[in-house]
$ cat structure.cif   # mmCIF, C-alpha atoms and all ligand atoms
data_work
#
loop_
_atom_site.group_PDB
_atom_site.id
_atom_site.type_symbol
_atom_site.label_atom_id
_atom_site.label_comp_id
_atom_site.auth_asym_id
_atom_site.auth_seq_id
_atom_site.Cartn_x
_atom_site.Cartn_y
_atom_site.Cartn_z
ATOM 1 C CA MET P 1 -10.920 193.316 70.836
ATOM 2 C CA ASP P 2 -9.657 190.324 68.915
ATOM 3 C CA ILE P 3 -6.645 191.325 66.831
ATOM 4 C CA LYS P 4 -5.807 188.834 64.098
ATOM 5 C CA ASP P 5 -4.787 191.012 61.176
ATOM 6 C CA VAL P 6 -2.195 193.765 61.414
ATOM 7 C CA CYS P 7 -0.862 196.240 58.870
ATOM 8 C CA VAL P 8 2.722 197.472 59.233
ATOM 9 C CA ILE P 9 3.618 200.632 57.317
ATOM 10 C CA GLY P 10 7.290 201.085 56.387
ATOM 11 C CA ALA P 11 9.426 198.064 55.472
ATOM 12 C CA GLY P 12 12.763 199.330 56.806
ATOM 13 C CA VAL P 13 14.762 198.062 59.769
ATOM 14 C CA MET P 14 11.890 198.193 62.269
ATOM 15 C CA GLY P 15 8.936 197.433 59.999
ATOM 16 C CA SER P 16 10.488 194.220 58.696
ATOM 17 C CA GLY P 17 11.465 193.097 62.211
ATOM 18 C CA ILE P 18 7.971 193.763 63.561
ATOM 19 C CA VAL P 19 6.412 191.852 60.649
ATOM 20 C CA GLN P 20 8.652 188.843 61.263
ATOM 21 C CA LEU P 21 7.737 188.885 64.957
ATOM 22 C CA LEU P 22 3.997 189.131 64.253
ATOM 23 C CA ALA P 23 4.020 186.368 61.632
ATOM 24 C CA THR P 24 5.668 184.006 64.120
ATOM 25 C CA TYR P 25 2.912 184.819 66.634
ATOM 26 C CA GLY P 26 0.199 183.779 64.182
ATOM 27 C CA TYR P 27 -0.918 187.194 62.903
ATOM 28 C CA ASN P 28 -1.796 187.807 59.281
ATOM 29 C CA VAL P 29 0.313 190.786 58.333
ATOM 30 C CA THR P 30 0.147 193.227 55.477
ATOM 31 C CA LEU P 31 3.427 195.059 54.965
ATOM 32 C CA VAL P 32 3.281 198.269 52.971
ATOM 33 C CA ASP P 33 6.027 200.590 51.790
ATOM 34 C CA GLU P 34 5.956 203.315 49.181
ATOM 35 C CA ASN P 35 8.973 201.667 47.558
ATOM 36 C CA GLU P 36 8.165 198.304 45.936
ATOM 37 C CA LYS P 37 11.774 197.105 45.934
ATOM 38 C CA ILE P 38 12.099 197.766 49.678
ATOM 39 C CA VAL P 39 8.961 195.816 50.462
ATOM 40 C CA ASN P 40 10.137 192.841 48.358
ATOM 41 C CA ASP P 41 13.636 192.977 49.860
ATOM 42 C CA ALA P 42 12.097 193.009 53.357
ATOM 43 C CA LYS P 43 10.248 189.740 52.759
ATOM 44 C CA ASN P 44 13.377 188.145 51.276
ATOM 45 C CA ALA P 45 15.360 189.256 54.320
ATOM 46 C CA ILE P 46 12.722 187.759 56.653
ATOM 47 C CA GLU P 47 12.912 184.472 54.713
ATOM 48 C CA LYS P 48 16.710 184.412 55.088
ATOM 49 C CA ASN P 49 16.465 185.242 58.820
ATOM 50 C CA LEU P 50 13.994 182.452 59.441
ATOM 51 C CA GLU P 51 16.224 179.991 57.585
ATOM 52 C CA ARG P 52 19.443 181.089 59.283
ATOM 53 C CA PHE P 53 18.302 181.559 62.879
ATOM 54 C CA PHE P 54 15.416 179.098 63.175
ATOM 55 C CA VAL P 55 15.331 176.362 60.523
ATOM 56 C CA ALA P 56 19.108 175.813 60.379
ATOM 57 C CA LYS P 57 19.183 175.652 64.199
ATOM 58 C CA ASN P 58 16.277 173.190 64.259
ATOM 59 C CA LYS P 59 14.101 175.608 66.247
ATOM 60 C CA ILE P 60 11.310 175.396 63.665
ATOM 61 C CA SER P 61 10.646 173.175 60.671
ATOM 62 C CA LYS P 62 10.805 174.287 57.044
ATOM 63 C CA GLU P 63 6.993 173.992 56.896
ATOM 64 C CA GLU P 64 6.573 176.307 59.893
ATOM 65 C CA ALA P 65 8.853 178.881 58.253
ATOM 66 C CA GLU P 66 6.742 178.644 55.094
ATOM 67 C CA ASN P 67 3.561 179.113 57.135
ATOM 68 C CA TYR P 68 5.016 182.267 58.686
ATOM 69 C CA LEU P 69 5.995 183.618 55.271
ATOM 70 C CA ASN P 70 2.564 182.817 53.820
ATOM 71 C CA ARG P 71 1.020 185.098 56.461
ATOM 72 C CA ILE P 72 2.967 188.107 55.144
ATOM 73 C CA HIS P 73 1.347 190.020 52.275
ATOM 74 C CA LEU P 74 3.106 192.864 50.478
ATOM 75 C CA PHE P 75 1.571 196.137 49.303
ATOM 76 C CA VAL P 76 2.497 199.573 48.010
ATOM 77 C CA ASN P 77 -1.075 200.838 48.250
ATOM 78 C CA LYS P 78 -2.141 201.804 51.786
ATOM 79 C CA GLU P 79 -5.903 201.641 51.173
ATOM 80 C CA GLU P 80 -5.565 198.000 50.117
ATOM 81 C CA ALA P 81 -3.126 197.144 52.913
ATOM 82 C CA VAL P 82 -5.357 198.415 55.759
ATOM 83 C CA LYS P 83 -8.525 196.746 54.489
ATOM 84 C CA ASP P 84 -9.761 194.206 57.089
ATOM 85 C CA VAL P 85 -7.036 194.822 59.713
ATOM 86 C CA GLN P 86 -7.753 195.595 63.374
ATOM 87 C CA LEU P 87 -4.390 197.243 64.100
ATOM 88 C CA VAL P 88 -2.000 199.417 62.082
ATOM 89 C CA ILE P 89 1.609 199.898 63.200
ATOM 90 C CA GLU P 90 3.440 202.757 61.515
ATOM 91 C CA ALA P 91 7.253 202.500 61.115
ATOM 92 C CA VAL P 92 8.112 205.133 58.483
ATOM 93 C CA PHE P 93 10.905 207.718 58.741
ATOM 94 C CA GLU P 94 11.227 209.643 62.019
ATOM 95 C CA ASP P 95 9.610 212.787 60.607
ATOM 96 C CA MET P 96 6.785 214.636 62.360
ATOM 97 C CA ASN P 97 5.107 216.065 59.267
ATOM 98 C CA LEU P 98 5.211 212.746 57.458
ATOM 99 C CA LYS P 99 3.704 210.920 60.444
ATOM 100 C CA LYS P 100 1.024 213.588 61.090
ATOM 101 C CA LYS P 101 -0.191 213.389 57.507
ATOM 102 C CA LEU P 102 -0.028 209.608 57.462
ATOM 103 C CA PHE P 103 -2.142 209.303 60.634
ATOM 104 C CA ALA P 104 -4.713 211.772 59.293
ATOM 105 C CA LYS P 105 -4.959 209.614 56.181
ATOM 106 C CA LEU P 106 -5.162 206.370 58.186
ATOM 107 C CA ASP P 107 -7.837 207.922 60.380
ATOM 108 C CA SER P 108 -9.903 208.659 57.289
ATOM 109 C CA ILE P 109 -9.440 205.315 55.488
ATOM 110 C CA CYS P 110 -9.581 202.826 58.394
ATOM 111 C CA ASP P 111 -12.674 201.492 60.075
ATOM 112 C CA LYS P 112 -13.352 203.499 63.278
ATOM 113 C CA GLU P 113 -12.561 200.526 65.549
ATOM 114 C CA VAL P 114 -9.048 200.095 64.166
ATOM 115 C CA ILE P 115 -6.201 200.945 66.569
ATOM 116 C CA LEU P 116 -3.535 203.177 65.015
ATOM 117 C CA ALA P 117 -0.081 202.824 66.547
ATOM 118 C CA SER P 118 3.189 204.605 65.895
ATOM 119 C CA ASN P 119 6.569 202.998 66.452
ATOM 120 C CA THR P 120 8.189 206.429 66.721
ATOM 121 C CA SER P 121 11.204 206.421 69.000
ATOM 122 C CA SER P 122 10.888 210.022 70.137
ATOM 123 C CA LEU P 123 8.115 212.108 68.578
ATOM 124 C CA SER P 124 5.056 213.265 70.499
ATOM 125 C CA ILE P 125 2.098 210.922 69.988
ATOM 126 C CA THR P 126 -0.247 213.809 70.789
ATOM 127 C CA GLU P 127 1.230 215.859 67.951
ATOM 128 C CA ILE P 128 1.348 212.906 65.539
ATOM 129 C CA ALA P 129 -2.401 212.521 66.198
ATOM 130 C CA SER P 130 -3.160 216.233 65.980
ATOM 131 C CA GLU P 131 -4.512 216.271 62.404
ATOM 132 C CA SER P 132 -6.708 213.196 62.968
ATOM 133 C CA ILE P 133 -10.342 213.261 64.043
ATOM 134 C CA HIS P 134 -10.411 210.082 66.163
ATOM 135 C CA GLN P 135 -7.370 210.800 68.322
ATOM 136 C CA ASP P 136 -8.537 208.469 71.077
ATOM 137 C CA ARG P 137 -7.470 205.415 69.068
ATOM 138 C CA ILE P 138 -3.905 206.625 68.412
ATOM 139 C CA VAL P 139 -1.136 205.269 70.653
ATOM 140 C CA GLY P 140 2.628 204.713 70.663
ATOM 141 C CA ILE P 141 3.830 201.104 70.537
ATOM 142 C CA HIS P 142 7.594 201.499 70.681
ATOM 143 C CA PHE P 143 9.408 198.276 69.757
ATOM 144 C CA PHE P 144 13.178 197.952 70.100
ATOM 145 C CA ASN P 145 15.722 196.767 67.576
ATOM 146 C CA PRO P 146 15.750 193.872 66.747
ATOM 147 C CA ALA P 147 12.013 193.605 67.383
ATOM 148 C CA THR P 148 12.138 189.801 67.341
ATOM 149 C CA VAL P 149 14.659 189.712 70.192
ATOM 150 C CA MET P 150 14.217 192.732 72.456
ATOM 151 C CA LYS P 151 11.928 192.140 75.424
ATOM 152 C CA LEU P 152 10.640 195.654 76.052
ATOM 153 C CA ILE P 153 7.751 197.600 74.589
ATOM 154 C CA GLU P 154 7.322 201.207 75.650
ATOM 155 C CA LEU P 155 3.639 202.145 75.332
ATOM 156 C CA ILE P 156 3.073 205.849 74.885
ATOM 157 C CA LYS P 157 -0.147 207.401 76.067
ATOM 158 C CA GLY P 158 -0.893 210.541 74.075
ATOM 159 C CA LYS P 159 -2.989 213.316 75.630
ATOM 160 C CA ASN P 160 -6.078 212.001 73.844
ATOM 161 C CA THR P 161 -5.325 208.261 73.801
ATOM 162 C CA SER P 162 -8.275 206.473 75.423
ATOM 163 C CA GLU P 163 -7.906 203.947 78.242
ATOM 164 C CA LYS P 164 -9.572 201.399 75.964
ATOM 165 C CA THR P 165 -6.926 201.911 73.253
ATOM 166 C CA LEU P 166 -4.132 201.688 75.828
ATOM 167 C CA LYS P 167 -5.551 198.432 77.218
ATOM 168 C CA ILE P 168 -5.843 196.854 73.745
ATOM 169 C CA ALA P 169 -2.266 197.916 72.919
ATOM 170 C CA LYS P 170 -1.040 196.533 76.259
ATOM 171 C CA ASP P 171 -2.781 193.172 75.819
ATOM 172 C CA PHE P 172 -1.461 192.927 72.263
ATOM 173 C CA SER P 173 2.122 193.724 73.347
ATOM 174 C CA GLU P 174 2.044 191.288 76.274
ATOM 175 C CA GLY P 175 0.709 188.633 73.901
ATOM 176 C CA LEU P 176 4.043 188.968 72.062
ATOM 177 C CA LYS P 177 5.748 188.027 75.373
ATOM 178 C CA LYS P 178 7.111 191.542 75.827
ATOM 179 C CA THR P 179 7.382 193.449 79.074
ATOM 180 C CA VAL P 180 5.368 196.647 78.798
ATOM 181 C CA VAL P 181 6.093 199.991 80.398
ATOM 182 C CA ILE P 182 3.576 202.809 80.109
ATOM 183 C CA VAL P 183 4.932 206.289 79.555
ATOM 184 C CA ASN P 184 3.097 209.585 79.351
ATOM 185 C CA ASP P 185 3.784 211.446 76.140
ATOM 186 C CA SER P 186 7.070 213.347 76.447
ATOM 187 C CA PRO P 187 9.835 213.901 73.857
ATOM 188 C CA GLY P 188 12.091 210.824 73.628
ATOM 189 C CA PHE P 189 9.889 209.008 76.193
ATOM 190 C CA VAL P 190 12.093 207.206 78.769
ATOM 191 C CA THR P 191 14.405 205.128 76.605
ATOM 192 C CA SER P 192 15.339 207.339 73.634
ATOM 193 C CA ARG P 193 15.908 210.440 75.774
ATOM 194 C CA LEU P 194 18.407 208.543 77.938
ATOM 195 C CA ILE P 195 20.197 206.474 75.286
ATOM 196 C CA TYR P 196 20.490 209.384 72.849
ATOM 197 C CA VAL P 197 22.310 211.504 75.441
ATOM 198 C CA MET P 198 24.812 208.727 76.114
ATOM 199 C CA CYS P 199 25.431 207.903 72.449
ATOM 200 C CA ASN P 200 25.716 211.560 71.426
ATOM 201 C CA GLU P 201 28.276 212.110 74.195
ATOM 202 C CA ALA P 202 30.256 209.075 72.983
ATOM 203 C CA ILE P 203 30.188 210.523 69.443
ATOM 204 C CA ASN P 204 31.520 213.827 70.822
ATOM 205 C CA MET P 205 34.334 211.909 72.571
ATOM 206 C CA LYS P 206 35.229 210.271 69.258
ATOM 207 C CA LEU P 207 35.205 213.717 67.599
ATOM 208 C CA GLU P 208 37.469 215.136 70.315
ATOM 209 C CA GLY P 209 39.908 212.230 69.848
ATOM 210 C CA ILE P 210 39.576 211.119 73.475
ATOM 211 C CA ALA P 211 39.679 207.451 72.444
ATOM 212 C CA SER P 212 39.112 205.212 69.408
ATOM 213 C CA ALA P 213 35.608 203.932 68.635
ATOM 214 C CA GLU P 214 36.707 200.449 69.718
ATOM 215 C CA ASP P 215 38.041 201.715 73.061
ATOM 216 C CA ILE P 216 34.994 203.894 73.809
ATOM 217 C CA ASP P 217 32.778 200.860 73.210
ATOM 218 C CA ALA P 218 35.025 198.451 75.140
ATOM 219 C CA ALA P 219 35.154 200.884 78.097
ATOM 220 C CA CYS P 220 31.363 201.102 78.313
ATOM 221 C CA LYS P 221 30.799 197.381 77.858
ATOM 222 C CA LEU P 222 33.244 196.378 80.582
ATOM 223 C CA ALA P 223 32.732 199.270 82.996
ATOM 224 C CA PHE P 224 28.939 199.244 82.917
ATOM 225 C CA ASN P 225 28.252 195.665 81.862
ATOM 226 C CA PHE P 226 26.535 196.896 78.670
ATOM 227 C CA PRO P 227 26.022 194.231 75.996
ATOM 228 C CA MET P 228 26.963 196.773 73.326
ATOM 229 C CA GLY P 229 28.979 200.004 73.291
ATOM 230 C CA PRO P 230 27.330 203.351 72.428
ATOM 231 C CA LEU P 231 28.967 203.626 68.985
ATOM 232 C CA GLU P 232 28.050 200.040 68.050
ATOM 233 C CA LEU P 233 24.532 200.809 69.223
ATOM 234 C CA SER P 234 24.415 204.018 67.155
ATOM 235 C CA ASP P 235 25.350 201.959 64.083
ATOM 236 C CA LEU P 236 22.619 199.442 64.901
ATOM 237 C CA VAL P 237 19.895 202.040 65.466
ATOM 238 C CA GLY P 238 20.968 204.159 62.479
ATOM 239 C CA LEU P 239 22.755 207.505 62.747
ATOM 240 C CA ASP P 240 19.933 209.214 60.847
ATOM 241 C CA ILE P 241 17.531 208.168 63.612
ATOM 242 C CA TYR P 242 19.743 209.638 66.361
ATOM 243 C CA ASP P 243 20.219 212.820 64.303
ATOM 244 C CA LYS P 244 16.441 213.252 64.046
ATOM 245 C CA ILE P 245 15.935 212.451 67.748
ATOM 246 C CA GLY P 246 18.669 214.951 68.706
ATOM 247 C CA ASP P 247 17.196 217.774 66.619
ATOM 248 C CA TYR P 248 13.785 217.104 68.108
ATOM 249 C CA LEU P 249 15.004 216.929 71.732
ATOM 250 C CA ALA P 250 17.135 220.082 71.290
ATOM 251 C CA ASN P 251 14.105 221.875 69.938
ATOM 252 C CA GLU P 252 11.907 220.706 72.846
ATOM 253 C CA PHE P 253 14.379 220.761 75.767
ATOM 254 C CA GLY P 254 17.277 223.016 74.709
ATOM 255 C CA GLU P 255 20.841 223.158 73.425
ATOM 256 C CA LYS P 256 22.323 220.435 75.637
ATOM 257 C CA TYR P 257 20.606 217.832 73.437
ATOM 258 C CA LYS P 258 22.061 219.209 70.187
ATOM 259 C CA PRO P 259 23.445 216.421 67.917
ATOM 260 C CA SER P 260 27.258 216.236 67.705
ATOM 261 C CA SER P 261 28.730 217.861 64.580
ATOM 262 C CA LEU P 262 30.321 214.459 63.805
ATOM 263 C CA LEU P 263 26.866 212.835 63.853
ATOM 264 C CA LYS P 264 25.595 215.493 61.411
ATOM 265 C CA GLU P 265 28.617 215.038 59.137
ATOM 266 C CA MET P 266 28.266 211.254 59.046
ATOM 267 C CA VAL P 267 24.554 211.501 58.192
ATOM 268 C CA LYS P 268 25.387 213.948 55.384
ATOM 269 C CA ASP P 269 27.951 211.442 54.022
ATOM 270 C CA ASP P 270 25.405 208.596 54.246
ATOM 271 C CA LEU P 271 27.457 206.811 56.923
ATOM 272 C CA LEU P 272 24.341 205.660 58.764
ATOM 273 C CA GLY P 273 25.686 202.452 60.323
ATOM 274 C CA ARG P 274 24.502 198.952 59.510
ATOM 275 C CA LYS P 275 21.792 200.053 57.095
ATOM 276 C CA THR P 276 24.354 201.619 54.716
ATOM 277 C CA LYS P 277 27.069 199.112 55.734
ATOM 278 C CA LYS P 278 29.314 201.923 57.060
ATOM 279 C CA GLY P 279 29.176 203.976 60.220
ATOM 280 C CA PHE P 280 31.618 203.902 63.123
ATOM 281 C CA TYR P 281 32.409 200.386 61.867
ATOM 282 C CA ASN P 282 32.226 198.629 58.477
ATOM 283 C CA TYR P 283 29.668 195.842 57.898
HETATM 284 N N1 LIG A 301 16.093 201.845 64.002
HETATM 285 C C1 LIG A 301 15.800 201.618 65.269
HETATM 286 O O1 LIG A 301 16.599 201.043 66.022
HETATM 287 C C2 LIG A 301 14.454 202.030 65.811
HETATM 288 C C3 LIG A 301 14.032 201.498 67.043
HETATM 289 C C4 LIG A 301 12.754 201.812 67.514
HETATM 290 C C5 LIG A 301 11.941 202.677 66.785
HETATM 291 N N2 LIG A 301 12.395 203.199 65.597
HETATM 292 C C6 LIG A 301 11.480 204.079 64.858
HETATM 293 O O2 LIG A 301 10.862 203.309 63.829
HETATM 294 C C7 LIG A 301 10.593 204.141 62.684
HETATM 295 C C8 LIG A 301 11.280 203.533 61.467
HETATM 296 O O3 LIG A 301 12.667 203.455 61.703
HETATM 297 P P1 LIG A 301 13.601 202.509 60.809
HETATM 298 O O4 LIG A 301 14.934 202.491 61.468
HETATM 299 O O5 LIG A 301 12.903 201.233 60.520
HETATM 300 O O6 LIG A 301 13.681 203.402 59.460
HETATM 301 P P2 LIG A 301 14.091 202.945 57.980
HETATM 302 O O7 LIG A 301 14.657 204.147 57.325
HETATM 303 O O8 LIG A 301 14.906 201.686 58.014
HETATM 304 O O9 LIG A 301 12.670 202.563 57.305
HETATM 305 C C9 LIG A 301 11.647 203.475 57.047
HETATM 306 C C10 LIG A 301 10.826 202.939 55.879
HETATM 307 O O10 LIG A 301 9.645 203.746 55.735
HETATM 308 C C11 LIG A 301 9.360 203.839 54.351
HETATM 309 N N3 LIG A 301 8.500 204.999 54.142
HETATM 310 C C12 LIG A 301 8.805 206.309 54.284
HETATM 311 N N4 LIG A 301 7.730 207.072 54.050
HETATM 312 C C13 LIG A 301 6.711 206.235 53.758
HETATM 313 C C14 LIG A 301 5.336 206.415 53.454
HETATM 314 N N5 LIG A 301 4.786 207.632 53.383
HETATM 315 N N6 LIG A 301 4.585 205.327 53.215
HETATM 316 C C15 LIG A 301 5.117 204.090 53.279
HETATM 317 N N7 LIG A 301 6.410 203.852 53.576
HETATM 318 C C16 LIG A 301 7.193 204.911 53.817
HETATM 319 C C17 LIG A 301 10.724 203.950 53.674
HETATM 320 O O11 LIG A 301 10.667 203.590 52.301
HETATM 321 C C18 LIG A 301 11.557 202.985 54.514
HETATM 322 O O12 LIG A 301 11.549 201.680 53.953
HETATM 323 C C19 LIG A 301 11.094 205.534 63.054
HETATM 324 O O13 LIG A 301 10.032 206.286 63.550
HETATM 325 C C20 LIG A 301 12.123 205.248 64.143
HETATM 326 O O14 LIG A 301 12.306 206.330 65.015
HETATM 327 C C21 LIG A 301 13.611 202.886 65.090
#

$ encode --input "structure.cif" --output "structure tokens"
Amino acid sequence: MDIKDVCVIGAGVMGSGIVQLLATYGYNVTLVDENEKIVNDAKNAIEKNLERFFVAKNKISKEEAENYLNRIHLFVNKEEAVKDVQLVIEAVFEDMNLKKKLFAKLDSICDKEVILASNTSSLSITEIASESIHQDRIVGIHFFNPATVMKLIELIKGKNTSEKTLKIAKDFSEGLKKTVVIVNDSPGFVTSRLIYVMCNEAINMKLEGIASAEDIDAACKLAFNFPMGPLELSDLVGLDIYDKIGDYLANEFGEKYKPSSLLKEMVKDDLLGRKTKKGFYNY
């Protein structure tokens, strides 16, 4: 299958990063969000990123940056955004009911050949697909943050994902110069299950006053050669995302995955990390 046109749903942290990545790889991208301001802000942020990290560093010309931007089209209406695309990548909130309903809708409005992918970081692809008729074309394409930089894509094979869909998703991901790992559907997959446990434990250490945020992060970076400490990483990912992942894993696997009470409190106070400019650190 020749993928040239892609729709990305959700213009938050991940959606905007994925769109920037795809535009630089020559794809025509439609970006859709239910909030018009968010979708406009996302394109402005992509423009600034291209200027700051590519044009200003002489990696690409001004004309190339303009070409990339011209490939990005903004929508609030999903029916219009998915018209004529061969692949849809969903990056809305980490919420099972929201995603289930969205995929059922996509299944009904998209041409039957269109591949429907979720960028969920933890939720079951099989369950996300459960209200759709053509479940064989639904797959997880899990990008990492920032999508333009991180080299891994975790491909999630749902119970009903077809081999054909998996192969198209794999070829597409490798075409973005990413290394692909294939994971059978399981809560948190490989990466989120592991990283959540570490970050949640670091948040509990902060709560217990074992060390400052700076020292917990410095200890992990220097002891384990991590590029980023667990609290810095939590701020980057978004505390709301870890809270949702934790609730989901605790529900599926048991109490030991329960989110720290400090994580819950910070989410309640809108201290989500970089996206709200305050988390364990100020931005
Ligand atoms: N943040 C990360 O580091 C990270 C990494 C990998 C995967 N993910 C996954 O990517 C997804 C998005 O995460 P994010 O951090 O970008 O979230 P975010 O909160 O930054 O963005 C979500 C966006 O979805 C939009 N949205 C919500 N419901 C919608 C709907 N029905 N239709 C259209 N738009 C809708 C919101 O307006 C918002 O702009 C989640 O499933 C998350 O688990 C996140």

$ residues_near_ligand --input "structure.cif" --ligand "ligand LIG 301 (chain A)" --cutoff "7 Å" --atoms "all atoms listed in the file" --output "ChimeraX atom specification"
/P:9-15,32-35,38,91-94,98,102,119-122,142-145,236-238,241

$ residues_around --input "structure.cif" --residues "Arg71 of chain P" --least-positions-apart "6" --cutoff "10 Å" --atoms "only C-alpha atoms" --output "mmCIF file with C-alpha atoms, keeping the file's coordinate frame"
data_model
loop_
_atom_site.group_PDB
_atom_site.id
_atom_site.type_symbol
_atom_site.label_atom_id
_atom_site.label_comp_id
_atom_site.auth_asym_id
_atom_site.auth_seq_id
_atom_site.Cartn_x
_atom_site.Cartn_y
_atom_site.Cartn_z
ATOM 1 C CA ASP P 5 -4.787 191.012 61.176
ATOM 2 C CA VAL P 19 6.412 191.852 60.649
ATOM 3 C CA GLN P 20 8.652 188.843 61.263
ATOM 4 C CA LEU P 22 3.997 189.131 64.253
ATOM 5 C CA ALA P 23 4.020 186.368 61.632
ATOM 6 C CA THR P 24 5.668 184.006 64.120
ATOM 7 C CA GLY P 26 0.199 183.779 64.182
ATOM 8 C CA TYR P 27 -0.918 187.194 62.903
ATOM 9 C CA ASN P 28 -1.796 187.807 59.281
ATOM 10 C CA VAL P 29 0.313 190.786 58.333
ATOM 11 C CA THR P 30 0.147 193.227 55.477
#

$ atom_distance --input "structure.cif" --atom1 "atom CA of Lys178 of chain P" --atom2 "atom CA of Tyr25 of chain P"
12.1 Å

$ closest_residue --input "structure.cif" --among "P:Asn67, P:Asn225, P:Ser192, P:Thr276" --to "Tyr242 of chain P" --atoms "only C-alpha atoms"
P:Ser192

$ closest_residue --input "structure.cif" --among "P:Ile156, P:Met1, P:Ala104, P:Cys110" --to "Gln135 of chain P" --atoms "only C-alpha atoms"
P:Ala104

$ closest_residue --input "structure.cif" --among "P:Leu50, P:Ile115, P:Ala202, P:Ala45" --to "Ile168 of chain P" --atoms "only C-alpha atoms"
P:Ile115

$ residues_around --input "structure.cif" --residues "Ser212 of chain P" --least-positions-apart "6" --cutoff "12 Å" --atoms "all atoms listed in the file" --output "VMD selection string"
chain P and resid 202 to 206 218 to 219 231 280 to 281

$ axis_aligned_box --input "structure.cif" --around "segment 51-66 of chain P" --padding-each-side "8 Å" --output "lines of an AutoDock Vina configuration file"
center_x = 13.0
center_y = 177.4
center_z = 60.7
size_x = 28.9
size_y = 24.4
size_z = 27.2

$ atom_distance --input "structure.cif" --atom1 "atom CA of Glu208 of chain P" --atom2 "atom CA of Thr191 of chain P"
25.9 Å

$ decode --input "structure.cif" --residues "segment 225-230 of chain P" --atoms "all heavy atoms" --output "mmCIF file, in the first residue's frame"
data_model
loop_
_atom_site.group_PDB
_atom_site.id
_atom_site.type_symbol
_atom_site.label_atom_id
_atom_site.label_comp_id
_atom_site.auth_asym_id
_atom_site.auth_seq_id
_atom_site.Cartn_x
_atom_site.Cartn_y
_atom_site.Cartn_z
ATOM 1 N N ASN P 225 23.277 5.758 33.939
ATOM 2 C CA ASN P 225 23.586 6.340 32.635
ATOM 3 C C ASN P 225 22.310 6.682 31.848
ATOM 4 O O ASN P 225 22.257 6.507 30.641
ATOM 5 C CB ASN P 225 24.483 5.380 31.842
ATOM 6 C CG ASN P 225 25.394 6.121 30.901
ATOM 7 O OD1 ASN P 225 25.463 7.354 30.974
ATOM 8 N ND2 ASN P 225 26.047 5.418 29.998
ATOM 9 N N PHE P 226 21.264 7.119 32.568
ATOM 10 C CA PHE P 226 20.033 7.566 31.915
ATOM 11 C C PHE P 226 20.223 8.991 31.401
ATOM 12 O O PHE P 226 20.838 9.805 32.090
ATOM 13 C CB PHE P 226 18.867 7.591 32.918
ATOM 14 C CG PHE P 226 18.332 6.242 33.299
ATOM 15 C CD1 PHE P 226 17.390 6.133 34.312
ATOM 16 C CD2 PHE P 226 18.752 5.080 32.660
ATOM 17 C CE1 PHE P 226 16.877 4.896 34.687
ATOM 18 C CE2 PHE P 226 18.249 3.843 33.034
ATOM 19 C CZ PHE P 226 17.313 3.750 34.045
ATOM 20 N N PRO P 227 19.692 9.312 30.236
ATOM 21 C CA PRO P 227 19.823 10.693 29.748
ATOM 22 C C PRO P 227 18.956 11.665 30.548
ATOM 23 O O PRO P 227 19.186 12.866 30.538
ATOM 24 C CB PRO P 227 19.327 10.610 28.302
ATOM 25 C CG PRO P 227 18.491 9.384 28.248
ATOM 26 C CD PRO P 227 19.008 8.443 29.282
ATOM 27 N N MET P 228 17.971 11.147 31.244
ATOM 28 C CA MET P 228 17.002 11.990 31.945
ATOM 29 C C MET P 228 16.548 11.254 33.208
ATOM 30 O O MET P 228 16.392 10.026 33.183
ATOM 31 C CB MET P 228 15.814 12.150 30.993
ATOM 32 C CG MET P 228 14.933 13.311 31.271
ATOM 33 S SD MET P 228 13.627 13.363 30.049
ATOM 34 C CE MET P 228 14.279 14.602 28.982
ATOM 35 N N GLY P 229 16.347 11.981 34.301
ATOM 36 C CA GLY P 229 15.876 11.342 35.526
ATOM 37 C C GLY P 229 14.379 11.043 35.448
ATOM 38 O O GLY P 229 13.677 11.616 34.614
ATOM 39 N N PRO P 230 13.867 10.185 36.348
ATOM 40 C CA PRO P 230 12.457 9.785 36.269
ATOM 41 C C PRO P 230 11.462 10.923 36.517
ATOM 42 O O PRO P 230 10.360 10.900 35.985
ATOM 43 C CB PRO P 230 12.325 8.702 37.346
ATOM 44 C CG PRO P 230 13.507 8.862 38.222
ATOM 45 C CD PRO P 230 14.597 9.465 37.407
#
